[in-house]
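Structure first, commentary second.
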Amino acid sequence: MEALRKLLYAEMSREEYKACLPDIQRSNRQRVTAYLGIACAFLTVLWILSGALEFLRPNMPAYMIALAVCMGLQAVNRTFPGKNGLLLTWLMYAFEALLYVLGIYLGIHPSPDTPTVSFIAFLLAVPLLFVMRPIQHILNVVFFDGVFILTCFLFKSKEALPVDILDGMVFGAVSCIISTFIMLSMHENFSIRHKLLGIAETDLNVGLKNRNAYESQMHDYPMHCSSTLSCVYLDVNGLHELNNTRGHAAGDEMLKTVAAKVRDIFGEEYSYRVGGDEFVAFVVDTDLRHVREMMQTLEQAVEAHGYSVAVGCATCSAGGIQIKALIKQAETRMYDAKDEHYRSRGIQH
């Protein structure tokens, strides 16, 4: 089972792999863009040279077709630059398949009487281009290695056939082994980076995202909503008084309780502790009536534990959302609620 987990999820659990997947996709998107650009430039040079050099001329149609495919893939990549994981995976597989097929063609068609070099080179290099689970690279290598061996049986001379088959089997196995170790190392790096980022962006006292995460992520919310975006800003009433009368341990318990209720109601992904006793949560594409019900549920849940919070909310329609203005409006309304809380109790603060 452990060996299977290494191949499927690169020594990570399924949950860890899913958590690292956005970073992996971001890296692969950059790689796809760069490699397609390099391939287009390289194939263009080969196509031009094949018109002038006799020994390259038989490969001219292959270079033209490969160049057209690369340009088409790059056009798709540039047209849909979003976070579509399925499209990104398709682009990676298509580019790898193009290289394997080109290697097979160049190794067999021009010189069927000599051992193949181009496909063997691609067999070793292509699995290192993108960050994929080891099993994906292994299946790719096995499939195209099988295509190569079958093609050798059909088109290679009897003299070159044994060498190519042996090379295909040996270097195919080497490619699987090398790519597995490198993919395990790459995934480990992504896992470590994700854990370090989690530590850097998590408030270790209450378990919510901290101000670092809040500052870096709040500008993304206007792009994630299609109808409305709401900001809920809340402050814990009486924290300083509790710290002074019962100690900081009691104050920490209060903050942990409030944070747990914020997480339960608004979701861990959208909730932040932005100050000593201040929390912010974002609500995406939810009507204001339901947002107010969530706020009321939070206030009641906190009061059930003997605590109190002041809550302010601001909502804006999608399109042209000024995130800082939205947050400021919610904060102002929170302070109004806080003033009313203390005023109704005759307390100066």
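Simple scheme: letters A, B, ... for chains in structure tokens order, numbers from 1 for residues in each chain, numbers from 1 for ligands in the order shown.
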
Considering only C-alpha atoms, tabulate each residue of stretch 127-162 of chain A that lies at most 12 Å from stretch 94-99 of chain A along with its nearest interatomic pair and the corresponding distance in Å to one decimal; arrange the rows by chain and ascending residue number and present them as JSON lines.
```
{"residue": "A:Pro127", "atom": "CA", "partner": "A:Glu96", "partner_atom": "CA", "distance": 8.2}
{"residue": "A:Leu128", "atom": "CA", "partner": "A:Glu96", "partner_atom": "CA", "distance": 10.4}
{"residue": "A:Leu129", "atom": "CA", "partner": "A:Glu96", "partner_atom": "CA", "distance": 8.5}
{"residue": "A:Phe130", "atom": "CA", "partner": "A:Glu96", "partner_atom": "CA", "distance": 9.2}
{"residue": "A:Gln136", "atom": "CA", "partner": "A:Glu96", "partner_atom": "CA", "distance": 11.7}
{"residue": "A:His137", "atom": "CA", "partner": "A:Glu96", "partner_atom": "CA", "distance": 10.1}
{"residue": "A:Asn140", "atom": "CA", "partner": "A:Ala97", "partner_atom": "CA", "distance": 8.5}
{"residue": "A:Val141", "atom": "CA", "partner": "A:Glu96", "partner_atom": "CA", "distance": 10.1}
{"residue": "A:Phe143", "atom": "CA", "partner": "A:Ala97", "partner_atom": "CA", "distance": 10.1}
{"residue": "A:Phe144", "atom": "CA", "partner": "A:Ala97", "partner_atom": "CA", "distance": 8.0}
{"residue": "A:Asp145", "atom": "CA", "partner": "A:Ala97", "partner_atom": "CA", "distance": 11.4}
{"residue": "A:Val147", "atom": "CA", "partner": "A:Ala97", "partner_atom": "CA", "distance": 11.2}
```

#### Entry: Nearby residues (only C-alpha atoms) at most 12 Å from A:Ala41, same-chain spacing under 3 positions excluded, as a PyMOL selection string
chain A and resi 34-38+44-48+63+66-68+70-71

Residues within 10 Å of stretch 173-185 of chain A, only C-alpha atoms, excluding chain neighbours under 6 positions, as number ranges by chain: A: 6-7, 9-12, 120, 122-142, 145, 167, 191

Can you tell me which residues surround A:Asp287 at a distance of at most 12 Å, considering only C-alpha atoms, apart from same-chain residues fewer than 2 positions away, and format the answer as a VMD selection string?
chain A and resid 226 to 230 283 to 285 289 to 294 314 to 317

* Asked: Which one of A:Ala250, A:Thr89, A:Lys256, A:Pro58 sits closest to A:Ser111 if you count only C-alpha atoms?
  ->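 Nearest candidate to A:Ser111 out of A:Ala250, A:Thr89, A:Lys256, A:Pro58: A:Pro58.
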
- Message: I need the residues of stretch 40-156 of chain A that end up classed as alpha helix (DSSP H) by DSSP on the backbone, written out as a VMD selection string.
- Response: chain A and resid 40 to 52 60 to 79 85 to 108 118 to 125 134 to 155

*What does the distance between atom CA of A:Val274 and atom CA of A:Tyr214 come to in Å, to one decimal place?*
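Rounded to one decimal, the two atoms are 7.1 Å apart.
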
Selected residue, from A:Leu43, A:Ala75, A:Val309, A:Leu88, that lies nearest to A:Tyr233 when counting only C-alpha atoms:
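Going through A:Leu43, A:Ala75, A:Val309, A:Leu88 one by one, the smallest distance to A:Tyr233 is for A:Val309.
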
Legend entry - Spatial neighbours of A:Met295, max dist 12 Å, only C-alpha atoms, sep filter under 5 positions, as a list in words: Ser230, Cys231, Val232, Tyr233, Leu234, Lys261, Val262, Asp264, Ile265, Phe266, Val280, Ala281, Phe282, Val283, Leu288, Arg289, His290, Gln300, Ala301, Val302, Val309, Ala310, Val311, Gly312, Cys313, Ala314 and Met334 of chain A

Checklist line | Gap from atom CA of A:His240 to atom CA of A:Asp277 - Å, one decimal | finding: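 These atoms are spaced 9.1 Å apart.
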
Review point. If you measure from atom CA of A:Met92 to atom CA of A:Ser27, what distance in Å do you get, rounded to one decimal?
Key: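 Rounded to one decimal, the two atoms are 11.9 Å apart.
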
* To do: Go through A:Phe190, A:Glu331, A:Ile199, A:Asn243 one by one, measure the shortest atom-to-atom distance of each to A:Pro22 using only C-alpha atoms, and give the residue with the smallest value.
  =>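 Residue with the minimum atom-to-atom distance to A:Pro22: A:Phe190.
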